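Q: Just dropping this structure here.
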Amino acid sequence: IRYKIACPSNNNNNNNKNIEKMSRCCAECDTWCDSDEFSNNQWRKGPGNSRCTDCVNGWGRTCAQCSDYCMHYEFSNNQWNKGEGSSRCKDCVESYAYSCGECGKTFQNQNNLNMHMQVHRSRTVSCPVCGEMRFKSGANAVQHVESGYCSGCRGGGNARNQIYEFAKKQGRMRQYLTDVPMLTNGGYDYDRGVPEYPYCCPVCSISFRNLSQLMQHQDQKHNNHRMLTNF
């Protein structure tokens with residue numbers, strides 16, 4: 001499709017001339033766009049190969065679930081930040097249900113389903129301090145110690161200090177600490193107190209006040225529900 005438009009008069013050049021304005025279909029979003037919606041470089045690639053400015057700038061992408069091309073406002077910020085090939089549009093997120101294989105309950109996202117699945121775990125995890133076996137996960141057992149009610153480690157403040165001292169001395173735990181002990185001539189310096197947020201996730205860099213919170217995060221987000229068995 002081609003049509004003529006009048007070019008604004010210019011006394012220096014192109015006076016009283018017409019330019020030919022064209023339009024074509026964007027090769028990515030399949031939307032009919034005028035020539036000024038393409039960069040010069042994209043326009044020169046010709047029909048079937050030109051991508052409009054919005055597509056070049058990443059303002060639209062294909063939904064990973066329904067395969068429809070959607071503009072950026074059709075994705076939530078969380079989904080958009082997942083990147084090309086992983087983002088699901090709002091319609092898919094709102095309509096798609098994650099189902100529990102045990103009881104059939106449905107959930108809006110995988111994270112909620114993961115949290116729900118803990119309900120179906122058996123109470124086979126023991127407290128690492130008092131040995132009481134009544135917990136569904138390592139995070140629950142450590143939370144029991146952190147509460148200060150564990151018979152083997154009374155007091156919340158004392159428990160927090162003891163857990164942190166234990167964590168600092170575990171070599172594989174270093175990747176989960178925000179304040180890694182410094183190496184000195186006599187070994188590692190462990191006497192630096194407990195930071196406000198001593199634990200962090202090495203995958204997504206989120207910090208946590210308690211070890212149980214980190215373990216819960218590792219379990220739900222990264223499917224690492226046997227974290228303490230690594231140490």
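Following the order of the structure tokens, chains are lettered A, B, ..., residues in each are numbered from 1, and ligands are numbered from 1.
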Near Phe166 in chain A, within 12 Å and counting only C-alpha atoms, which residues show up once chain neighbours fewer than 4 positions away are dropped, as an mmCIF file with all heavy atoms, in the first residue's frame?
A:
data_model
loop_
_atom_site.group_PDB
_atom_site.id
_atom_site.type_symbol
_atom_site.label_atom_id
_atom_site.label_comp_id
_atom_site.auth_asym_id
_atom_site.auth_seq_id
_atom_site.Cartn_x
_atom_site.Cartn_y
_atom_site.Cartn_z
ATOM 1 N N PRO A 128 17.933 -31.054 64.500
ATOM 2 C CA PRO A 128 19.369 -31.355 64.564
ATOM 3 C C PRO A 128 19.967 -31.159 65.950
ATOM 4 O O PRO A 128 21.106 -31.580 66.188
ATOM 5 C CB PRO A 128 19.977 -30.352 63.569
ATOM 6 C CG PRO A 128 19.003 -29.216 63.526
ATOM 7 C CD PRO A 128 17.655 -29.832 63.714
ATOM 8 N N VAL A 129 19.204 -30.575 66.883
ATOM 9 C CA VAL A 129 19.721 -30.322 68.233
ATOM 10 C C VAL A 129 19.145 -31.295 69.253
ATOM 11 O O VAL A 129 19.881 -32.027 69.923
ATOM 12 C CB VAL A 129 19.434 -28.868 68.675
ATOM 13 C CG1 VAL A 129 19.942 -28.622 70.093
ATOM 14 C CG2 VAL A 129 20.072 -27.882 67.712
ATOM 15 N N ALA A 159 19.891 -19.122 70.408
ATOM 16 C CA ALA A 159 19.753 -20.041 69.277
ATOM 17 C C ALA A 159 20.244 -19.396 67.983
ATOM 18 O O ALA A 159 20.937 -20.035 67.181
ATOM 19 C CB ALA A 159 18.298 -20.471 69.126
ATOM 20 N N ARG A 160 19.915 -18.126 67.787
ATOM 21 C CA ARG A 160 20.349 -17.410 66.582
ATOM 22 C C ARG A 160 21.872 -17.366 66.506
ATOM 23 O O ARG A 160 22.466 -17.599 65.442
ATOM 24 C CB ARG A 160 19.764 -15.996 66.601
ATOM 25 C CG ARG A 160 20.215 -15.097 65.458
ATOM 26 C CD ARG A 160 19.458 -13.771 65.535
ATOM 27 N NE ARG A 160 20.079 -12.729 64.719
ATOM 28 C CZ ARG A 160 19.909 -12.590 63.421
ATOM 29 N NH1 ARG A 160 19.129 -13.443 62.776
ATOM 30 N NH2 ARG A 160 20.489 -11.605 62.757
ATOM 31 N N ASN A 161 22.513 -17.082 67.630
ATOM 32 C CA ASN A 161 23.983 -17.039 67.659
ATOM 33 C C ASN A 161 24.595 -18.402 67.401
ATOM 34 O O ASN A 161 25.561 -18.536 66.638
ATOM 35 C CB ASN A 161 24.465 -16.507 69.014
ATOM 36 C CG ASN A 161 24.168 -15.033 69.194
ATOM 37 O OD1 ASN A 161 24.041 -14.294 68.221
ATOM 38 N ND2 ASN A 161 24.042 -14.598 70.445
ATOM 39 N N GLN A 162 24.042 -19.434 68.037
ATOM 40 C CA GLN A 162 24.594 -20.784 67.897
ATOM 41 C C GLN A 162 24.456 -21.295 66.458
ATOM 42 O O GLN A 162 25.374 -21.922 65.921
ATOM 43 C CB GLN A 162 23.890 -21.735 68.869
ATOM 44 C CG GLN A 162 24.160 -21.458 70.338
ATOM 45 C CD GLN A 162 25.633 -21.569 70.688
ATOM 46 O OE1 GLN A 162 26.346 -22.450 70.192
ATOM 47 N NE2 GLN A 162 26.106 -20.660 71.533
ATOM 48 N N GLN A 170 30.966 -24.213 58.483
ATOM 49 C CA GLN A 170 30.726 -25.217 57.444
ATOM 50 C C GLN A 170 31.215 -24.674 56.105
ATOM 51 O O GLN A 170 30.715 -23.663 55.628
ATOM 52 C CB GLN A 170 29.238 -25.569 57.358
ATOM 53 C CG GLN A 170 28.608 -25.936 58.692
ATOM 54 C CD GLN A 170 29.344 -27.056 59.390
ATOM 55 O OE1 GLN A 170 29.612 -28.108 58.796
ATOM 56 N NE2 GLN A 170 29.675 -26.850 60.655
ATOM 57 N N GLY A 171 32.198 -25.333 55.504
ATOM 58 C CA GLY A 171 32.801 -24.843 54.267
ATOM 59 C C GLY A 171 31.797 -24.588 53.160
ATOM 60 O O GLY A 171 31.852 -23.556 52.478
ATOM 61 N N ARG A 172 30.863 -25.499 52.972
ATOM 62 C CA ARG A 172 29.895 -25.362 51.878
ATOM 63 C C ARG A 172 28.816 -24.323 52.173
ATOM 64 O O ARG A 172 28.033 -23.971 51.305
ATOM 65 C CB ARG A 172 29.233 -26.716 51.602
ATOM 66 C CG ARG A 172 30.203 -27.763 51.066
ATOM 67 C CD ARG A 172 29.488 -29.052 50.730
ATOM 68 N NE ARG A 172 30.408 -30.063 50.259
ATOM 69 C CZ ARG A 172 30.045 -31.307 49.943
ATOM 70 N NH1 ARG A 172 28.781 -31.666 50.050
ATOM 71 N NH2 ARG A 172 30.934 -32.187 49.528
ATOM 72 N N MET A 173 28.785 -23.836 53.416
ATOM 73 C CA MET A 173 27.805 -22.829 53.782
ATOM 74 C C MET A 173 28.261 -21.434 53.400
ATOM 75 O O MET A 173 27.461 -20.496 53.405
ATOM 76 C CB MET A 173 27.641 -22.883 55.291
ATOM 77 C CG MET A 173 26.266 -22.811 55.950
ATOM 78 S SD MET A 173 24.798 -22.805 55.008
ATOM 79 C CE MET A 173 23.916 -21.505 55.831
ATOM 80 N N ARG A 174 29.520 -21.276 53.033
ATOM 81 C CA ARG A 174 30.066 -19.949 52.746
ATOM 82 C C ARG A 174 29.307 -19.244 51.620
ATOM 83 O O ARG A 174 29.157 -18.025 51.647
ATOM 84 C CB ARG A 174 31.553 -20.066 52.386
ATOM 85 C CG ARG A 174 32.436 -20.451 53.560
ATOM 86 C CD ARG A 174 33.848 -20.783 53.103
ATOM 87 N NE ARG A 174 34.501 -19.648 52.483
ATOM 88 C CZ ARG A 174 35.110 -18.668 53.155
ATOM 89 N NH1 ARG A 174 35.139 -18.696 54.473
ATOM 90 N NH2 ARG A 174 35.696 -17.674 52.519
ATOM 91 N N LEU A 177 26.340 -17.178 52.966
ATOM 92 C CA LEU A 177 26.565 -16.148 53.976
ATOM 93 C C LEU A 177 26.811 -14.799 53.327
ATOM 94 O O LEU A 177 27.530 -14.697 52.338
ATOM 95 C CB LEU A 177 27.771 -16.519 54.852
ATOM 96 C CG LEU A 177 27.670 -17.834 55.643
ATOM 97 C CD1 LEU A 177 28.949 -18.060 56.430
ATOM 98 C CD2 LEU A 177 26.464 -17.808 56.574
ATOM 99 N N TYR A 190 36.167 -15.726 63.114
ATOM 100 C CA TYR A 190 34.756 -16.039 63.339
ATOM 101 C C TYR A 190 34.085 -15.117 64.353
ATOM 102 O O TYR A 190 32.895 -15.197 64.568
ATOM 103 C CB TYR A 190 34.616 -17.493 63.829
ATOM 104 C CG TYR A 190 35.003 -18.524 62.797
ATOM 105 C CD1 TYR A 190 36.154 -19.291 62.951
ATOM 106 C CD2 TYR A 190 34.213 -18.725 61.657
ATOM 107 C CE1 TYR A 190 36.498 -20.242 61.998
ATOM 108 C CE2 TYR A 190 34.560 -19.669 60.704
ATOM 109 C CZ TYR A 190 35.704 -20.426 60.887
ATOM 110 O OH TYR A 190 36.052 -21.362 59.957
ATOM 111 N N VAL A 194 26.779 -11.484 64.786
ATOM 112 C CA VAL A 194 25.776 -11.919 63.812
ATOM 113 C C VAL A 194 25.231 -10.696 63.080
ATOM 114 O O VAL A 194 24.647 -9.810 63.704
ATOM 115 C CB VAL A 194 24.613 -12.665 64.505
ATOM 116 C CG1 VAL A 194 23.611 -13.154 63.455
ATOM 117 C CG2 VAL A 194 25.136 -13.828 65.329
ATOM 118 N N LEU A 211 18.179 -18.559 59.186
ATOM 119 C CA LEU A 211 18.554 -19.677 58.317
ATOM 120 C C LEU A 211 17.322 -20.424 57.825
ATOM 121 O O LEU A 211 17.282 -20.883 56.683
ATOM 122 C CB LEU A 211 19.484 -20.631 59.067
ATOM 123 C CG LEU A 211 19.956 -21.868 58.309
ATOM 124 C CD1 LEU A 211 20.709 -21.469 57.038
ATOM 125 C CD2 LEU A 211 20.836 -22.750 59.188
ATOM 126 N N LEU A 228 20.397 -28.876 54.322
ATOM 127 C CA LEU A 228 21.278 -29.161 55.446
ATOM 128 C C LEU A 228 22.059 -30.460 55.277
ATOM 129 O O LEU A 228 23.110 -30.633 55.891
ATOM 130 C CB LEU A 228 20.477 -29.229 56.749
ATOM 131 C CG LEU A 228 20.152 -27.891 57.400
ATOM 132 C CD1 LEU A 228 19.460 -28.131 58.747
ATOM 133 C CD2 LEU A 228 21.409 -27.067 57.638
ATOM 134 N N PHE A 231 25.890 -30.329 54.330
ATOM 135 C CA PHE A 231 26.929 -29.794 55.193
ATOM 136 C C PHE A 231 27.379 -30.807 56.230
ATOM 137 O O PHE A 231 26.678 -31.711 56.565
ATOM 138 C CB PHE A 231 26.437 -28.519 55.895
ATOM 139 C CG PHE A 231 25.811 -27.540 54.943
ATOM 140 C CD1 PHE A 231 24.511 -27.122 55.130
ATOM 141 C CD2 PHE A 231 26.512 -27.084 53.846
ATOM 142 C CE1 PHE A 231 23.939 -26.226 54.241
ATOM 143 C CE2 PHE A 231 25.937 -26.197 52.970
ATOM 144 C CZ PHE A 231 24.646 -25.772 53.171
#
Q: Show me, as a list of chain:residue names, the residues that have an atom within 7 Å of Pro198 in chain A when counting only C-alpha atoms, minus same-chain residues fewer than 2 positions from it.
A: A:Leu177, A:Thr178, A:Asp179, A:Val194, A:Pro195, A:Glu196, A:Cys200, A:Phe208, A:Arg209
Q: Quick one: residues within 9 Å of Arg154 in chain A, only C-alpha atoms, excluding same-chain residues fewer than 6 positions away - as a ChimeraX atom specification?
A: /A:145,147-148
Q: Please extract the residues of chain A with a backbone DSSP assignment of helix (DSSP H, G or I) and present them as a PDB file with C-alpha atoms, in the first residue's frame.
A:
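Result file out.pdb:
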ATOM      1  CA  SER A  35       7.534   3.808   7.274  1.00  0.00           C
ATOM      2  CA  ASP A  36       8.279   6.249  10.090  1.00  0.00           C
ATOM      3  CA  GLU A  37       7.648   3.406  12.550  1.00  0.00           C
ATOM      4  CA  ASN A  40      16.153   3.428   8.277  1.00  0.00           C
ATOM      5  CA  ASN A  41      18.229   0.298   8.728  1.00  0.00           C
ATOM      6  CA  GLN A  42      15.155  -1.913   9.235  1.00  0.00           C
ATOM      7  CA  TRP A  43      13.263  -0.280   6.360  1.00  0.00           C
ATOM      8  CA  THR A  53      10.848   0.224  16.279  1.00  0.00           C
ATOM      9  CA  ASP A  54       8.778  -1.237  19.118  1.00  0.00           C
ATOM     10  CA  CYS A  55       9.929  -4.754  18.264  1.00  0.00           C
ATOM     11  CA  VAL A  56      13.559  -3.717  17.817  1.00  0.00           C
ATOM     12  CA  HIS A  72       4.886  -5.177  26.852  1.00  0.00           C
ATOM     13  CA  TYR A  73       1.815  -3.889  28.706  1.00  0.00           C
ATOM     14  CA  GLU A  74       0.161  -7.277  28.207  1.00  0.00           C
ATOM     15  CA  ASN A  77       6.513  -6.775  35.341  1.00  0.00           C
ATOM     16  CA  ASN A  78       7.442 -10.108  36.903  1.00  0.00           C
ATOM     17  CA  GLN A  79       6.719 -12.047  33.712  1.00  0.00           C
ATOM     18  CA  TRP A  80       8.399  -9.450  31.473  1.00  0.00           C
ATOM     19  CA  LYS A  90      -1.491 -11.725  31.719  1.00  0.00           C
ATOM     20  CA  ASP A  91      -4.318 -13.718  30.135  1.00  0.00           C
ATOM     21  CA  CYS A  92      -2.344 -16.949  30.377  1.00  0.00           C
ATOM     22  CA  VAL A  93      -1.183 -16.267  33.929  1.00  0.00           C
ATOM     23  CA  GLU A  94      -4.737 -15.570  35.086  1.00  0.00           C
ATOM     24  CA  SER A  95      -6.339 -18.494  33.282  1.00  0.00           C
ATOM     25  CA  GLN A 110       4.019 -22.663  40.629  1.00  0.00           C
ATOM     26  CA  ASN A 111       5.217 -20.937  43.794  1.00  0.00           C
ATOM     27  CA  ASN A 112       1.819 -21.283  45.479  1.00  0.00           C
ATOM     28  CA  LEU A 113       1.652 -24.918  44.442  1.00  0.00           C
ATOM     29  CA  ASN A 114       5.127 -25.563  45.877  1.00  0.00           C
ATOM     30  CA  MET A 115       4.075 -24.015  49.183  1.00  0.00           C
ATOM     31  CA  HIS A 116       0.931 -26.147  49.245  1.00  0.00           C
ATOM     32  CA  MET A 117       2.846 -29.384  48.542  1.00  0.00           C
ATOM     33  CA  GLN A 118       4.490 -29.135  51.976  1.00  0.00           C
ATOM     34  CA  VAL A 119       1.092 -30.050  53.445  1.00  0.00           C
ATOM     35  CA  HIS A 120       1.451 -33.528  51.975  1.00  0.00           C
ATOM     36  CA  GLY A 138      14.588 -29.097  57.400  1.00  0.00           C
ATOM     37  CA  ALA A 139      13.392 -25.487  57.402  1.00  0.00           C
ATOM     38  CA  ASN A 140      10.666 -26.361  59.934  1.00  0.00           C
ATOM     39  CA  ALA A 141      13.210 -28.121  62.162  1.00  0.00           C
ATOM     40  CA  VAL A 142      15.623 -25.181  62.104  1.00  0.00           C
ATOM     41  CA  GLN A 143      12.725 -22.783  62.723  1.00  0.00           C
ATOM     42  CA  HIS A 144      11.949 -24.834  65.844  1.00  0.00           C
ATOM     43  CA  VAL A 145      15.500 -24.206  67.102  1.00  0.00           C
ATOM     44  CA  GLU A 146      15.392 -20.504  66.172  1.00  0.00           C
ATOM     45  CA  GLY A 156      15.826 -17.111  70.713  1.00  0.00           C
ATOM     46  CA  GLY A 157      18.930 -14.901  70.849  1.00  0.00           C
ATOM     47  CA  ASN A 158      21.137 -17.757  71.985  1.00  0.00           C
ATOM     48  CA  ALA A 159      19.753 -20.041  69.277  1.00  0.00           C
ATOM     49  CA  ARG A 160      20.349 -17.410  66.582  1.00  0.00           C
ATOM     50  CA  ASN A 161      23.983 -17.039  67.659  1.00  0.00           C
ATOM     51  CA  GLN A 162      24.594 -20.784  67.897  1.00  0.00           C
ATOM     52  CA  ILE A 163      23.095 -21.460  64.469  1.00  0.00           C
ATOM     53  CA  TYR A 164      25.172 -18.720  62.875  1.00  0.00           C
ATOM     54  CA  GLU A 165      28.362 -19.968  64.568  1.00  0.00           C
ATOM     55  CA  PHE A 166      27.626 -23.447  63.216  1.00  0.00           C
ATOM     56  CA  ALA A 167      26.919 -22.134  59.705  1.00  0.00           C
ATOM     57  CA  LYS A 168      30.137 -20.082  59.557  1.00  0.00           C
ATOM     58  CA  GLY A 171      32.801 -24.843  54.267  1.00  0.00           C
ATOM     59  CA  ARG A 172      29.895 -25.362  51.878  1.00  0.00           C
ATOM     60  CA  MET A 173      27.805 -22.829  53.782  1.00  0.00           C
ATOM     61  CA  ARG A 174      30.066 -19.949  52.746  1.00  0.00           C
ATOM     62  CA  GLN A 175      28.099 -19.377  49.539  1.00  0.00           C
ATOM     63  CA  TYR A 176      24.983 -18.746  51.666  1.00  0.00           C
ATOM     64  CA  LEU A 211      18.554 -19.677  58.317  1.00  0.00           C
ATOM     65  CA  SER A 212      15.081 -21.239  58.252  1.00  0.00           C
ATOM     66  CA  GLN A 213      13.895 -18.478  55.917  1.00  0.00           C
ATOM     67  CA  LEU A 214      16.760 -19.183  53.528  1.00  0.00           C
ATOM     68  CA  MET A 215      16.015 -22.914  53.634  1.00  0.00           C
ATOM     69  CA  GLN A 216      12.318 -22.282  52.977  1.00  0.00           C
ATOM     70  CA  HIS A 217      13.272 -20.096  50.010  1.00  0.00           C
ATOM     71  CA  GLN A 218      15.673 -22.719  48.648  1.00  0.00           C
ATOM     72  CA  ASP A 219      12.968 -25.342  48.982  1.00  0.00           C
ATOM     73  CA  GLN A 220      10.162 -23.400  47.293  1.00  0.00           C
ATOM     74  CA  LYS A 221      12.086 -21.441  44.663  1.00  0.00           C
ATOM     75  CA  HIS A 222      14.998 -23.705  43.770  1.00  0.00           C
ATOM     76  CA  MET A 227      19.932 -28.164  52.017  1.00  0.00           C
ATOM     77  CA  LEU A 228      21.278 -29.161  55.446  1.00  0.00           C
ATOM     78  CA  THR A 229      22.295 -32.632  54.263  1.00  0.00           C
ATOM     79  CA  ASN A 230      24.989 -30.969  52.151  1.00  0.00           C
TER      80      ASN A 230
END
Q: Please provide the set of residues having any atom within 12 Å of Cys52 in chain A, restricted to only C-alpha atoms, with same-chain residues fewer than 2 positions apart removed, written as a PyMOL selection string.
A: chain A and resi 23-50+54-60
Q: Quick check, in Å to one decimal: how far apart do CA of Cys89 in chain A and CA of Gly101 in chain A lie?
A: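 Between CA of Cys89 in chain A and CA of Gly101 in chain A the gap is 25.1 Å.
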Q: Among range 31-205 of chain A, which residues carry a DSSP assignment of strand (DSSP E or B), reported as a VMD selection string?
A: chain A and resid 32 to 34 60 to 62 69 to 71 98 to 99 106 to 107 125 to 126 133 to 135 149 to 150 153 to 154 177 182 to 184 187 to 189 199 to 200
Q: Report, in Å with one decimal, the straight-line distance from CA of Gly85 in chain A to CA of Ser67 in chain A.
A: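 Atom-to-atom, CA of Gly85 in chain A to CA of Ser67 in chain A, that is 9.6 Å.
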Q: Quick one: pull the distance between CA of Phe107 in chain A and CA of Ser87 in chain A, Å, one decimal.
A: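 Distance reported for this atom pair: 18.2 Å.
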